[in-house]
Amino acid sequence: MSLVAKNPGRGRHRGLRTGLLTVVAWCGLAGSALADATVIVDLKTAEGASADGTVELKKGDAKFRCTTQKGHCEIKGVPGGLYSVEVSQPDKSPPKPKTVMIPPSGEVKLIVNASS
């Protein structure tokens with residue numbers, strides 16, 4: 001509305017149209033930039049100490065994984081949804097898979113117990 005007030009007469013419509021296109025373009029870029037989540041993984045032992053291993057998120061045929069270093073790793077570009085979380089560590093039995101809901105965008109901290 002303020003664009004219309006600043007551009008009286010014939011330029012009024014052109015100003016409004018430009019304003020709307022700017023907003024639509026910005027929304028489109030914002031939507032695509034925020035389309036997926038970044039999952040920050042902390043792998044812990046039952047005692048709460050950092051553990052190393054591979055953490056995998058599975059949803060249908062989609063798989064996202066990272067290998068921790070000092071208990072931490074990051075998975076970028078994870079679409080929102082319900083995922084199964086699986087942990088594997090050398091020379092250890094894997095814990096039962098857990099289910100987690102990943103939001104459609106933003107940064108998510110996922111704390112995974114490597115032993116249960």
# chains A, B, ... in the order shown; residues from 1 in each chain; ligands from 1
call {"tool": "residues_around", "arguments": {"residues": "stretch 73-77 of chain A", "least_positions_apart": "6", "cutoff": "8 Å", "atoms": "only C-alpha atoms", "output": "list in words"}}
result
Asp36, Ala37, Thr38, Val39, Ile40, Val41, Asp42, Phe64, Arg65, Cys66 and Thr67 of chain A
call {"tool": "residues_around", "arguments": {"residues": "A:Asn113", "least_positions_apart": "3", "cutoff": "8 Å", "atoms": "only C-alpha atoms", "output": "number ranges by chain"}}
result
A: 43-46, 116
call {"tool": "closest_residue", "arguments": {"among": "A:Gly106, A:Gly80, A:Pro90, A:Pro95", "to": "A:Lys59", "atoms": "only C-alpha atoms"}}
result
A:Gly80
call {"tool": "closest_residue", "arguments": {"among": "A:Val78, A:Met101, A:Val87, A:Ala114", "to": "A:Glu56", "atoms": "only C-alpha atoms"}}
result
A:Val87
call {"tool": "closest_residue", "arguments": {"among": "A:Ala35, A:Tyr83, A:Gly71, A:Lys63", "to": "A:Val112", "atoms": "only C-alpha atoms"}}
result
A:Gly71
